[in-house]
$ cat target.txt   # compact mmCIF, C-alpha atoms and all ligand atoms
# COMPACT_ATOMS: atom_id res chain seq x y z
CA ARG A 16 -18.72 64.65 -41.13
CA LEU A 17 -16.76 63.23 -44.06
CA VAL A 18 -15.67 59.66 -44.75
CA LEU A 19 -13.10 58.32 -47.20
CA GLY A 20 -13.94 54.78 -48.35
CA ILE A 21 -11.32 52.47 -49.87
CA GLU A 22 -11.94 49.14 -51.63
CA THR A 23 -9.30 46.65 -52.84
CA SER A 24 -10.74 43.25 -51.92
CA CYS A 25 -10.72 41.73 -55.38
CA ASP A 26 -9.97 43.28 -58.74
CA GLU A 27 -11.10 46.87 -58.46
CA THR A 28 -9.26 49.68 -56.75
CA GLY A 29 -11.94 52.09 -55.57
CA ALA A 30 -12.12 55.20 -53.42
CA ALA A 31 -14.85 57.69 -52.56
CA VAL A 32 -15.40 60.66 -50.29
CA MET A 33 -18.90 60.94 -48.86
CA ASP A 34 -20.70 63.23 -46.45
CA GLU A 35 -23.04 62.13 -43.71
CA SER A 36 -26.14 62.38 -45.87
CA GLY A 37 -24.71 59.85 -48.33
CA THR A 38 -23.84 62.40 -50.99
CA ILE A 39 -20.85 61.30 -53.04
CA LEU A 40 -18.46 64.25 -53.08
CA GLY A 41 -15.79 62.57 -55.17
CA GLU A 42 -14.99 59.07 -56.38
CA SER A 43 -12.54 57.13 -58.49
CA LEU A 44 -12.40 53.54 -59.66
CA HIS A 45 -9.75 51.52 -61.44
CA SER A 46 -10.90 48.15 -62.73
CA GLN A 47 -8.47 45.36 -63.54
CA LYS A 48 -11.18 43.46 -65.42
CA GLU A 49 -9.57 43.75 -68.87
CA VAL A 50 -6.23 42.43 -67.66
CA HIS A 51 -7.85 39.45 -65.93
CA LEU A 52 -10.11 38.80 -68.92
CA LYS A 53 -6.97 38.17 -71.00
CA THR A 54 -5.50 35.66 -68.55
CA GLY A 55 -8.87 33.95 -68.14
CA GLY A 56 -9.11 34.65 -64.42
CA ILE A 57 -7.59 36.63 -61.59
CA ILE A 58 -3.95 35.90 -60.79
CA PRO A 59 -3.59 37.17 -57.20
CA THR A 60 -0.03 38.47 -57.60
CA VAL A 61 -1.09 40.42 -60.71
CA ALA A 62 -4.10 41.85 -58.86
CA GLN A 63 -1.82 42.85 -55.99
CA ARG A 64 0.65 44.61 -58.31
CA LEU A 65 -2.16 46.51 -60.06
CA HIS A 66 -3.67 47.62 -56.74
CA LYS A 67 -0.22 48.78 -55.63
CA GLU A 68 0.29 50.72 -58.88
CA ASN A 69 -3.10 52.43 -58.72
CA ILE A 70 -4.16 52.97 -55.14
CA ALA A 71 -2.39 56.26 -54.46
CA ARG A 72 -3.73 57.79 -57.67
CA VAL A 73 -7.27 56.49 -57.14
CA VAL A 74 -7.46 57.84 -53.58
CA GLN A 75 -5.94 61.17 -54.62
CA GLU A 76 -8.44 61.46 -57.47
CA ALA A 77 -11.38 60.86 -55.15
CA LEU A 78 -10.03 63.49 -52.72
CA ASP A 79 -9.30 66.01 -55.50
CA ARG A 80 -12.74 65.59 -57.07
CA SER A 81 -14.36 66.17 -53.69
CA GLY A 82 -12.18 69.15 -52.83
CA VAL A 83 -11.60 67.57 -49.41
CA PHE A 84 -8.17 67.42 -47.74
CA PRO A 85 -7.26 64.34 -45.71
CA SER A 86 -7.03 66.56 -42.63
CA GLN A 87 -10.77 67.33 -42.98
CA LEU A 88 -11.85 63.66 -42.90
CA SER A 89 -13.75 62.27 -39.93
CA ALA A 90 -12.62 58.72 -40.64
CA VAL A 91 -11.16 56.34 -43.22
CA ALA A 92 -13.22 53.21 -43.95
CA THR A 93 -11.55 50.30 -45.76
CA THR A 94 -12.51 46.76 -46.79
CA VAL A 95 -10.56 44.30 -44.60
CA LYS A 96 -12.65 41.13 -45.28
CA PRO A 97 -13.43 38.90 -47.10
CA GLY A 98 -11.38 38.86 -50.31
CA LEU A 99 -8.03 38.02 -51.84
CA ALA A 100 -5.33 38.27 -49.17
CA LEU A 101 -2.82 40.00 -51.42
CA SER A 102 -5.43 42.52 -52.61
CA LEU A 103 -6.87 43.27 -49.17
CA GLY A 104 -3.33 43.85 -47.86
CA ILE A 105 -2.67 46.72 -50.27
CA GLY A 106 -5.80 48.65 -49.28
CA LEU A 107 -5.23 48.05 -45.59
CA ASP A 108 -1.55 49.08 -45.65
CA PHE A 109 -2.34 52.22 -47.59
CA SER A 110 -5.20 53.11 -45.23
CA LEU A 111 -3.23 52.49 -42.07
CA ASN A 112 -0.46 54.78 -43.33
CA LEU A 113 -3.06 57.44 -44.07
CA VAL A 114 -4.80 57.27 -40.69
CA ARG A 115 -1.46 57.27 -38.90
CA ARG A 116 -0.18 60.27 -40.82
CA TYR A 117 -3.34 62.35 -40.33
CA GLU A 118 -4.32 60.87 -36.94
CA LYS A 119 -7.75 59.76 -38.11
CA PRO A 120 -10.06 57.04 -36.82
CA PHE A 121 -10.18 53.85 -38.89
CA ILE A 122 -13.32 51.84 -39.72
CA PRO A 123 -12.69 48.26 -40.93
CA ILE A 124 -15.39 47.18 -43.39
CA HIS A 125 -16.86 43.78 -44.27
CA HIS A 126 -17.17 43.77 -48.07
CA MET A 127 -20.43 41.77 -48.15
CA GLU A 128 -22.05 43.94 -45.47
CA ALA A 129 -21.17 46.92 -47.65
CA HIS A 130 -22.81 45.28 -50.70
CA ALA A 131 -25.92 44.59 -48.60
CA LEU A 132 -26.24 48.11 -47.18
CA THR A 133 -25.58 50.15 -50.33
CA VAL A 134 -29.31 50.17 -51.10
CA ARG A 135 -29.88 52.37 -48.02
CA MET A 136 -27.81 55.12 -49.62
CA LEU A 137 -30.44 55.30 -52.38
CA HIS A 138 -33.75 54.25 -50.79
CA ALA A 139 -35.29 54.55 -47.35
CA VAL A 140 -35.17 50.84 -46.47
CA ASP A 141 -35.54 49.97 -42.82
CA PHE A 142 -34.24 46.83 -41.14
CA PRO A 143 -34.99 44.00 -41.30
CA PHE A 144 -34.86 43.21 -45.02
CA LEU A 145 -33.88 40.20 -47.08
CA VAL A 146 -30.78 40.47 -49.22
CA LEU A 147 -29.57 38.37 -52.14
CA LEU A 148 -25.95 38.89 -53.15
CA ILE A 149 -24.90 37.34 -56.45
CA SER A 150 -21.48 38.09 -57.89
CA GLY A 151 -18.28 36.62 -59.26
CA GLY A 152 -17.20 35.46 -55.83
CA HIS A 153 -20.44 34.98 -53.89
CA ALA A 154 -23.99 33.73 -53.84
CA LEU A 155 -25.78 34.27 -50.57
CA LEU A 156 -29.11 35.02 -48.98
CA ALA A 157 -29.15 36.88 -45.69
CA LEU A 158 -31.49 38.74 -43.42
CA ALA A 159 -30.16 42.21 -42.65
CA ARG A 160 -31.32 43.10 -39.13
CA GLY A 161 -28.98 46.03 -38.50
CA ILE A 162 -25.82 47.57 -39.91
CA ASP A 163 -23.68 44.90 -38.23
CA ASP A 164 -26.36 42.29 -37.59
CA PHE A 165 -26.94 39.68 -40.30
CA LEU A 166 -28.40 36.18 -40.41
CA LEU A 167 -26.93 34.01 -43.13
CA LEU A 168 -29.79 31.92 -44.60
CA GLY A 169 -28.01 30.32 -47.54
CA GLN A 170 -24.79 30.39 -49.54
CA THR A 171 -23.16 28.63 -52.42
CA LEU A 172 -21.74 25.19 -51.73
CA ASP A 173 -19.32 25.38 -54.65
CA GLU A 174 -18.91 28.28 -57.04
CA ALA A 175 -20.60 31.65 -57.51
CA PRO A 176 -22.98 32.36 -60.43
CA GLY A 177 -20.73 35.05 -61.95
CA ASP A 178 -17.83 32.62 -61.89
CA THR A 179 -19.99 29.97 -63.58
CA LEU A 180 -21.08 32.38 -66.31
CA ASP A 181 -17.48 33.54 -66.79
CA LYS A 182 -16.27 29.95 -67.14
CA VAL A 183 -19.04 28.95 -69.55
CA ALA A 184 -18.30 32.06 -71.63
CA ARG A 185 -14.64 31.12 -71.73
CA ARG A 186 -15.46 27.54 -72.71
CA LEU A 187 -17.61 28.92 -75.54
CA SER A 188 -14.68 31.15 -76.61
CA LEU A 189 -16.98 34.16 -76.50
CA ILE A 190 -13.97 36.43 -76.26
CA ASN A 191 -13.65 35.76 -80.03
CA HIS A 192 -17.25 36.81 -80.66
CA PRO A 193 -17.35 40.22 -82.41
CA MET A 194 -20.08 41.51 -80.07
CA CYS A 195 -18.62 40.12 -76.85
CA SER A 196 -14.86 40.69 -76.89
CA THR A 197 -14.95 43.45 -74.26
CA LEU A 198 -17.77 42.06 -72.15
CA SER A 199 -17.47 40.06 -68.93
CA GLY A 200 -18.63 36.46 -69.22
CA GLY A 201 -21.94 37.29 -67.54
CA GLN A 202 -22.58 40.23 -69.85
CA ALA A 203 -21.65 38.17 -72.93
CA ILE A 204 -24.08 35.41 -71.97
CA GLU A 205 -26.83 37.92 -71.24
CA HIS A 206 -26.26 39.54 -74.63
CA LEU A 207 -26.23 36.27 -76.63
CA ALA A 208 -29.15 34.77 -74.71
CA LYS A 209 -31.47 37.45 -76.08
CA GLU A 210 -31.24 35.89 -79.55
CA GLY A 211 -31.22 32.31 -78.30
CA ASP A 212 -33.82 29.58 -78.01
CA ARG A 213 -33.46 28.05 -74.57
CA SER A 214 -35.67 25.07 -75.41
CA LYS A 215 -32.88 23.72 -77.66
CA PHE A 216 -31.00 22.59 -74.52
CA TRP A 217 -32.22 21.25 -71.23
CA PHE A 218 -30.24 21.51 -68.01
CA ARG A 219 -31.40 20.12 -64.69
CA SER A 220 -32.09 22.80 -62.09
CA PRO A 221 -29.60 22.34 -59.21
CA MET A 222 -30.49 21.09 -55.73
CA GLY A 223 -34.07 20.08 -56.41
CA GLN A 224 -33.98 17.64 -53.47
CA HIS A 225 -32.34 20.04 -51.00
CA TYR A 226 -34.95 21.82 -48.92
CA ASP A 227 -32.76 24.69 -47.84
CA CYS A 228 -31.58 28.01 -49.27
CA ASN A 229 -28.08 27.07 -50.35
CA PHE A 230 -26.88 27.36 -53.94
CA SER A 231 -24.85 25.15 -56.24
CA PHE A 232 -23.61 26.00 -59.72
CA ALA A 233 -20.74 23.58 -60.35
CA GLY A 234 -23.03 20.72 -61.43
CA LEU A 235 -24.82 22.98 -63.87
CA ARG A 236 -21.51 24.09 -65.33
CA ASN A 237 -20.59 20.44 -65.79
CA GLN A 238 -23.86 19.78 -67.64
CA VAL A 239 -23.27 22.79 -69.89
CA THR A 240 -19.69 21.71 -70.60
CA MET A 241 -20.88 18.23 -71.58
CA ALA A 242 -23.50 19.70 -73.91
CA ILE A 243 -20.84 21.88 -75.51
CA CYS A 244 -18.49 18.90 -76.00
CA LYS A 245 -21.28 16.90 -77.59
CA LYS A 246 -22.15 19.73 -80.01
CA GLU A 247 -18.49 20.24 -80.90
CA GLU A 248 -18.29 16.60 -81.85
CA GLU A 249 -21.53 16.70 -83.84
CA GLU A 250 -20.58 19.84 -85.73
CA GLY A 251 -16.94 18.83 -86.09
CA VAL A 252 -15.93 22.09 -84.44
CA GLN A 253 -12.48 22.22 -82.89
CA LYS A 254 -12.16 23.08 -79.22
CA GLY A 255 -11.50 26.80 -79.01
CA LYS A 256 -13.57 27.62 -82.10
CA MET A 257 -17.09 28.93 -81.74
CA LEU A 258 -20.19 26.79 -82.10
CA SER A 259 -23.14 27.91 -84.22
CA CYS A 260 -25.53 27.41 -81.30
CA VAL A 261 -23.84 29.71 -78.76
CA ASN A 262 -27.02 31.78 -78.44
CA ASP A 263 -29.14 28.77 -77.55
CA ILE A 264 -26.60 27.50 -75.02
CA ALA A 265 -26.34 30.98 -73.50
CA ALA A 266 -30.14 31.21 -73.23
CA ALA A 267 -30.51 27.78 -71.61
CA THR A 268 -27.62 28.39 -69.21
CA LEU A 269 -28.91 31.80 -68.15
CA HIS A 270 -32.42 30.44 -67.71
CA THR A 271 -31.22 27.65 -65.41
CA VAL A 272 -29.04 30.03 -63.38
CA ALA A 273 -31.95 32.47 -63.06
CA SER A 274 -34.50 29.86 -62.06
CA HIS A 275 -32.13 28.30 -59.48
CA ILE A 276 -31.51 31.71 -57.91
CA ALA A 277 -35.22 32.49 -57.97
CA LYS A 278 -36.21 29.17 -56.39
CA ARG A 279 -33.74 29.52 -53.51
CA THR A 280 -34.84 33.11 -52.98
CA HIS A 281 -38.47 31.99 -52.92
CA ARG A 282 -37.59 29.44 -50.20
CA ALA A 283 -35.85 32.14 -48.16
CA ILE A 284 -38.87 34.42 -48.44
CA LEU A 285 -41.23 31.64 -47.31
CA PHE A 286 -38.89 30.81 -44.40
CA CYS A 287 -38.74 34.44 -43.30
CA LYS A 288 -42.52 34.74 -43.54
CA ALA A 289 -43.11 31.55 -41.58
CA LYS A 290 -40.80 32.76 -38.80
CA SER A 291 -42.14 36.33 -38.95
CA LEU A 292 -38.65 37.66 -39.67
CA LEU A 293 -39.80 40.28 -42.16
CA PRO A 294 -41.90 43.35 -41.31
CA GLN A 295 -45.64 43.32 -42.19
CA ASN A 296 -45.24 46.73 -43.69
CA ASN A 297 -43.33 46.88 -46.97
CA PRO A 298 -41.21 43.70 -46.71
CA THR A 299 -38.28 44.06 -49.08
CA LEU A 300 -35.84 41.95 -51.08
CA VAL A 301 -32.60 43.73 -51.98
CA VAL A 302 -30.51 42.25 -54.79
CA SER A 303 -26.92 43.26 -55.37
CA GLY A 304 -23.55 42.03 -56.72
CA GLY A 305 -22.33 42.05 -60.33
CA VAL A 306 -24.76 39.34 -61.47
CA ALA A 307 -27.68 41.43 -60.18
CA SER A 308 -27.31 43.71 -63.19
CA ASN A 309 -28.63 40.86 -65.35
CA LYS A 310 -32.07 41.85 -66.61
CA TYR A 311 -33.31 38.29 -67.13
CA ILE A 312 -32.39 37.38 -63.55
CA ARG A 313 -34.05 40.54 -62.25
CA GLU A 314 -37.23 39.77 -64.18
CA THR A 315 -37.27 36.21 -62.87
CA LEU A 316 -36.86 37.50 -59.31
CA LYS A 317 -39.65 40.01 -59.88
CA ILE A 318 -42.05 37.13 -60.53
CA VAL A 319 -41.11 35.73 -57.11
CA THR A 320 -41.42 39.03 -55.25
CA ASP A 321 -44.75 39.83 -56.95
CA ALA A 322 -46.14 36.43 -55.97
CA THR A 323 -44.98 36.83 -52.35
CA GLU A 324 -45.84 40.55 -52.16
CA LEU A 325 -42.36 41.82 -51.48
CA GLN A 326 -40.83 45.00 -52.78
CA LEU A 327 -37.83 44.30 -55.05
CA LEU A 328 -34.98 46.79 -54.88
CA CYS A 329 -31.81 46.61 -56.90
CA PRO A 330 -29.21 49.39 -56.90
CA PRO A 331 -28.03 50.58 -60.33
CA SER A 332 -25.27 48.41 -61.85
CA LYS A 333 -22.44 50.77 -60.93
CA PHE A 334 -23.33 50.34 -57.25
CA CYS A 335 -23.89 46.58 -57.57
CA THR A 336 -20.28 45.89 -58.54
CA ASP A 337 -17.27 46.64 -56.36
CA ASN A 338 -16.54 50.31 -55.73
CA GLY A 339 -15.31 52.75 -53.11
CA VAL A 340 -18.72 54.37 -52.71
CA MET A 341 -20.31 51.40 -50.97
CA ILE A 342 -17.39 51.23 -48.54
CA ALA A 343 -17.69 54.94 -47.75
CA TRP A 344 -21.44 54.50 -47.20
CA ASN A 345 -20.89 51.62 -44.78
CA GLY A 346 -18.40 53.91 -42.99
CA VAL A 347 -21.06 56.64 -42.79
CA GLU A 348 -23.61 54.19 -41.37
CA ARG A 349 -21.10 53.03 -38.76
CA LEU A 350 -20.10 56.58 -37.88
CA LYS A 351 -23.76 57.50 -37.32
CA GLU A 352 -24.27 54.57 -34.98
CA GLY A 353 -20.81 54.81 -33.41
CA LYS A 354 -20.06 51.19 -34.25
CA GLY A 355 -16.66 49.70 -35.08
CA ILE A 356 -14.70 52.97 -35.14
CA LEU A 357 -11.09 52.48 -34.09
CA SER A 358 -8.97 55.35 -32.87
CA HIS A 359 -5.91 53.10 -32.78
CA ALA A 360 -5.80 50.82 -35.79
CA GLU A 361 -2.35 49.24 -35.31
CA GLU A 362 -3.81 45.82 -34.50
CA VAL A 363 -6.14 45.53 -37.51
CA THR A 364 -5.45 42.70 -39.93
CA TYR A 365 -7.27 41.52 -43.03
CA GLU A 366 -9.31 38.30 -43.16
CA PRO A 367 -9.60 36.55 -46.56
CA LYS A 368 -12.51 34.44 -45.31
CA ALA A 369 -15.27 35.98 -43.23
CA PRO A 370 -18.89 34.78 -43.18
CA LEU A 371 -21.68 37.35 -43.34
CA GLY A 372 -23.33 37.29 -39.91
CA ALA A 373 -24.61 34.35 -37.90
CA ASP A 374 -24.80 31.19 -40.01
CA ILE A 375 -28.24 29.54 -39.71
CA THR A 376 -28.11 27.88 -43.15
CA SER A 377 -28.61 24.42 -41.63
CA GLU A 378 -31.77 25.53 -39.78
CA VAL A 379 -33.49 26.87 -42.87
CA ARG A 380 -36.06 24.41 -44.19
P1 LIG B 1 -17.17 39.60 -55.23
O1 LIG B 1 -17.83 40.92 -55.24
O2 LIG B 1 -18.05 38.51 -54.74
O3 LIG B 1 -15.85 39.61 -54.53
P2 LIG B 1 -16.55 40.00 -58.03
O4 LIG B 1 -15.76 41.20 -57.71
O5 LIG B 1 -16.00 39.09 -59.07
O6 LIG B 1 -16.84 39.14 -56.73
P3 LIG B 1 -18.57 41.72 -59.05
O7 LIG B 1 -17.49 42.70 -59.41
O8 LIG B 1 -19.65 42.17 -58.17
O9 LIG B 1 -17.99 40.39 -58.47
O10 LIG B 1 -19.23 41.18 -60.40
C1 LIG B 1 -18.50 40.57 -61.43
C2 LIG B 1 -19.26 39.34 -61.90
O11 LIG B 1 -20.56 39.70 -62.34
C3 LIG B 1 -18.58 38.64 -63.05
O12 LIG B 1 -18.55 37.26 -62.79
C4 LIG B 1 -19.48 38.96 -64.25
O13 LIG B 1 -19.50 37.93 -65.22
C5 LIG B 1 -20.82 39.09 -63.59
N1 LIG B 1 -21.70 39.97 -64.36
C6 LIG B 1 -21.52 41.26 -64.69
N2 LIG B 1 -22.54 41.72 -65.46
C7 LIG B 1 -23.39 40.68 -65.60
C8 LIG B 1 -24.63 40.50 -66.29
N3 LIG B 1 -25.20 41.49 -66.98
N4 LIG B 1 -25.22 39.29 -66.21
C9 LIG B 1 -24.65 38.28 -65.51
N5 LIG B 1 -23.50 38.37 -64.86
C10 LIG B 1 -22.87 39.56 -64.90
FE FE B 2 -18.01 42.54 -54.38
MG MG B 3 -15.00 42.70 -58.45
$ encode --input "target.txt" --output "structure tokens" --more "lines below"
Ligand code: ATP
Ligand code: FE
Ligand code: MG
Amino acid sequence: RLVLGIETSCDETGAAVMDESGTILGESLHSQKEVHLKTGGIIPTVAQRLHKENIARVVQEALDRSGVFPSQLSAVATTVKPGLALSLGIGLDFSLNLVRRYEKPFIPIHHMEAHALTVRMLHAVDFPFLVLLISGGHALLALARGIDDFLLLGQTLDEAPGDTLDKVARRLSLINHPMCSTLSGGQAIEHLAKEGDRSKFWFRSPMGQHYDCNFSFAGLRNQVTMAICKKEEEEGVQKGKMLSCVNDIAAATLHTVASHIAKRTHRAILFCKAKSLLPQNNPTLVVSGGVASNKYIRETLKIVTDATELQLLCPPSKFCTDNGVMIAWNGVERLKEGKGILSHAEEVTYEPKAPLGADITSEVR
């Protein structure tokens, strides 16, 4: 059985053809990152236009590389939630035309479920496992109990860590830095932090008094912005020009982001252990999302998983960020279990907001 996966929830147009074993037969990805980097953020109408311009080519490329004809597909799986409405709409429209034309079943996919399950394409990880998703749009901790069965333990109350790092990078004008001009904000901060001294700045770790697993990054960003303003004044540097201490600020910011993420994850692990929600045998923490490719954050999380005797699994970067492969894999998992496969897809709509599983964030202490 063969599945075509299509992703357009945010700023990448992705497609992949996969067989039942999880082998990628062909894939293609078009990222809009560079365009959005120039405007300092995603403009939804621009994202929509770029998806529209690229989707037919991206899907055709994935099919061509796999040598599979649409008529041979067992199903088409497409992200329908959550994400940018205008972006989701392009992928859904395209997919519905395809399934209508070739009379194929349609599998609507939840983008965050797909992020959470990708690890199973690469490792034999059984349910239940704990998953931490950290990206440009999300920060969440969830217990994966089955392919469509999740418990949401914590989520961000304001912004996502990737968004915070992107905004700090922009405030530091890192796009003008010779080593960082083509990097995302998160990558730029990771790069500069290596040469920085984090003890030169001190930022309060968020939510110290909140005994749950939620996240908050907006207050930290505010602290960082104030520190930057103060330095600009001291050094007589104009807003928009680069400070001499960007490395130190990057190091301190990254350290605080990492330790906040690690502390909330530690709480989630202790909660799951206390409630016997994780298996005795090989309990696992899966980390995914664009921010998960950060080495410093991974190393900080490793300290937590070592101390709590969990296995830490993190898919390679290319599978952590948005792509068609993870959507195809979720389609394969659903096809195997016969879950959520629609033979008549006329009624399907996209949902910009969609929580991951049952929300028990307020019960986690
Ligand atoms: P979502 O998947 O939640 O809809 P998104 O598409 O913005 O959001 P991803 O594509 O998974 O998220 O990841 C992009 C984000 O990851 C950006 O905010 C980027 O700054 C951040 N990022 C990428 N690489 C790194 C890194 N090495 N360290 C920290 N952050 C990083
Ligand atoms: Fe994503
Ligand atoms: Mg993305």
$ residues_near_ligand --input "target.txt" --ligand "ligand LIG 1 (chain B)" --cutoff "8 Å" --atoms "only C-alpha atoms and all ligand atoms" --output "ChimeraX atom specification"
/A:24-27,97-98,126-127,149-154,175-181,199-206,303-310,312,335-337
$ write_last_selection --input "target.txt" --atoms "C-alpha atoms" --output "PDB file, in the coordinates of the input"
ATOM      1  CA  SER A  24     -10.740  43.250 -51.920  1.00  0.00           C
ATOM      2  CA  CYS A  25     -10.720  41.730 -55.380  1.00  0.00           C
ATOM      3  CA  ASP A  26      -9.970  43.280 -58.740  1.00  0.00           C
ATOM      4  CA  GLU A  27     -11.100  46.870 -58.460  1.00  0.00           C
ATOM      5  CA  PRO A  97     -13.430  38.900 -47.100  1.00  0.00           C
ATOM      6  CA  GLY A  98     -11.380  38.860 -50.310  1.00  0.00           C
ATOM      7  CA  HIS A 126     -17.170  43.770 -48.070  1.00  0.00           C
ATOM      8  CA  MET A 127     -20.430  41.770 -48.150  1.00  0.00           C
ATOM      9  CA  ILE A 149     -24.900  37.340 -56.450  1.00  0.00           C
ATOM     10  CA  SER A 150     -21.480  38.090 -57.890  1.00  0.00           C
ATOM     11  CA  GLY A 151     -18.280  36.620 -59.260  1.00  0.00           C
ATOM     12  CA  GLY A 152     -17.200  35.460 -55.830  1.00  0.00           C
ATOM     13  CA  HIS A 153     -20.440  34.980 -53.890  1.00  0.00           C
ATOM     14  CA  ALA A 154     -23.990  33.730 -53.840  1.00  0.00           C
ATOM     15  CA  ALA A 175     -20.600  31.650 -57.510  1.00  0.00           C
ATOM     16  CA  PRO A 176     -22.980  32.360 -60.430  1.00  0.00           C
ATOM     17  CA  GLY A 177     -20.730  35.050 -61.950  1.00  0.00           C
ATOM     18  CA  ASP A 178     -17.830  32.620 -61.890  1.00  0.00           C
ATOM     19  CA  THR A 179     -19.990  29.970 -63.580  1.00  0.00           C
ATOM     20  CA  LEU A 180     -21.080  32.380 -66.310  1.00  0.00           C
ATOM     21  CA  ASP A 181     -17.480  33.540 -66.790  1.00  0.00           C
ATOM     22  CA  SER A 199     -17.470  40.060 -68.930  1.00  0.00           C
ATOM     23  CA  GLY A 200     -18.630  36.460 -69.220  1.00  0.00           C
ATOM     24  CA  GLY A 201     -21.940  37.290 -67.540  1.00  0.00           C
ATOM     25  CA  GLN A 202     -22.580  40.230 -69.850  1.00  0.00           C
ATOM     26  CA  ALA A 203     -21.650  38.170 -72.930  1.00  0.00           C
ATOM     27  CA  ILE A 204     -24.080  35.410 -71.970  1.00  0.00           C
ATOM     28  CA  GLU A 205     -26.830  37.920 -71.240  1.00  0.00           C
ATOM     29  CA  HIS A 206     -26.260  39.540 -74.630  1.00  0.00           C
ATOM     30  CA  SER A 303     -26.920  43.260 -55.370  1.00  0.00           C
ATOM     31  CA  GLY A 304     -23.550  42.030 -56.720  1.00  0.00           C
ATOM     32  CA  GLY A 305     -22.330  42.050 -60.330  1.00  0.00           C
ATOM     33  CA  VAL A 306     -24.760  39.340 -61.470  1.00  0.00           C
ATOM     34  CA  ALA A 307     -27.680  41.430 -60.180  1.00  0.00           C
ATOM     35  CA  SER A 308     -27.310  43.710 -63.190  1.00  0.00           C
ATOM     36  CA  ASN A 309     -28.630  40.860 -65.350  1.00  0.00           C
ATOM     37  CA  LYS A 310     -32.070  41.850 -66.610  1.00  0.00           C
ATOM     38  CA  ILE A 312     -32.390  37.380 -63.550  1.00  0.00           C
ATOM     39  CA  CYS A 335     -23.890  46.580 -57.570  1.00  0.00           C
ATOM     40  CA  THR A 336     -20.280  45.890 -58.540  1.00  0.00           C
ATOM     41  CA  ASP A 337     -17.270  46.640 -56.360  1.00  0.00           C
TER      42      ASP A 337
END
$ atom_distance --input "target.txt" --atom1 "atom CA of A:Val140" --atom2 "atom CA of A:Asn297"
9.1 Å
$ closest_residue --input "target.txt" --among "A:Met241, A:Ala343, A:Leu327, A:Val183" --to "A:Leu269" --atoms "only C-alpha atoms"
A:Val183
$ residues_around --input "target.txt" --residues "stretch 270-286 of chain A" --least-positions-apart "3" --cutoff "6 Å" --atoms "only C-alpha atoms" --output "count of residues only"
6
$ closest_residue --input "target.txt" --among "A:Gly37, A:Gly339, A:Gly211, A:Pro85" --to "A:Thr23" --atoms "only C-alpha atoms"
A:Gly339
$ closest_residue --input "target.txt" --among "A:Val302, A:Leu187, A:Leu40, A:Ile21" --to "A:Phe144" --atoms "all atoms listed in the file"
A:Val302
$ atom_distance --input "target.txt" --atom1 "atom CA of A:Ala100" --atom2 "atom CA of A:Pro367"
5.3 Å
$ atom_distance --input "target.txt" --atom1 "atom CA of A:Gln47" --atom2 "atom CA of A:Glu362"
29.4 Å
$ residues_around --input "target.txt" --residues "A:Lys256" --least-positions-apart "2" --cutoff "9 Å" --atoms "all atoms listed in the file" --output "list of chain:residue names"
A:Leu187, A:Ser188, A:Asn191, A:Glu247, A:Val252, A:Gln253, A:Lys254, A:Leu258
$ residues_around --input "target.txt" --residues "A:Asp227" --least-positions-apart "3" --cutoff "10 Å" --atoms "only C-alpha atoms" --output "CSV table (one decimal) with C-alpha atoms, in the coordinates of the input"
chain,number,residue,atom,x,y,z
A,168,LEU,CA,-29.8,31.9,-44.6
A,169,GLY,CA,-28.0,30.3,-47.5
A,170,GLN,CA,-24.8,30.4,-49.5
A,222,MET,CA,-30.5,21.1,-55.7
A,223,GLY,CA,-34.1,20.1,-56.4
A,224,GLN,CA,-34.0,17.6,-53.5
A,230,PHE,CA,-26.9,27.4,-53.9
A,279,ARG,CA,-33.7,29.5,-53.5
A,282,ARG,CA,-37.6,29.4,-50.2
A,283,ALA,CA,-35.8,32.1,-48.2
A,286,PHE,CA,-38.9,30.8,-44.4
A,376,THR,CA,-28.1,27.9,-43.2
A,377,SER,CA,-28.6,24.4,-41.6
A,378,GLU,CA,-31.8,25.5,-39.8
A,379,VAL,CA,-33.5,26.9,-42.9
A,380,ARG,CA,-36.1,24.4,-44.2
$ closest_residue --input "target.txt" --among "A:Ser291, A:Ser196, A:Ser259, A:Ser332" --to "ligand FE 2 (chain B)" --atoms "only C-alpha atoms and all ligand atoms"
A:Ser332
$ closest_residue --input "target.txt" --among "A:Lys368, A:Lys215, A:Arg349, A:His125" --to "ligand FE 2 (chain B)" --atoms "all atoms listed in the file"
A:His125
$ axis_aligned_box --input "target.txt" --around "stretch 344-349 of chain A" --padding-each-side "5 Å" --output "lines of an AutoDock Vina configuration file"
center_x = -21.0
center_y = 54.1
center_z = -43.0
size_x = 15.2
size_y = 15.0
size_z = 18.4
$ closest_residue --input "target.txt" --among "A:Gly41, A:Gly56, A:Gly234, A:Pro221" --to "A:Val18" --atoms "all atoms listed in the file"
A:Gly41
$ residues_around --input "target.txt" --residues "A:Arg16" --least-positions-apart "6" --cutoff "8 Å" --atoms "only C-alpha atoms" --output "ChimeraX atom specification"
/A:34-35,88-89
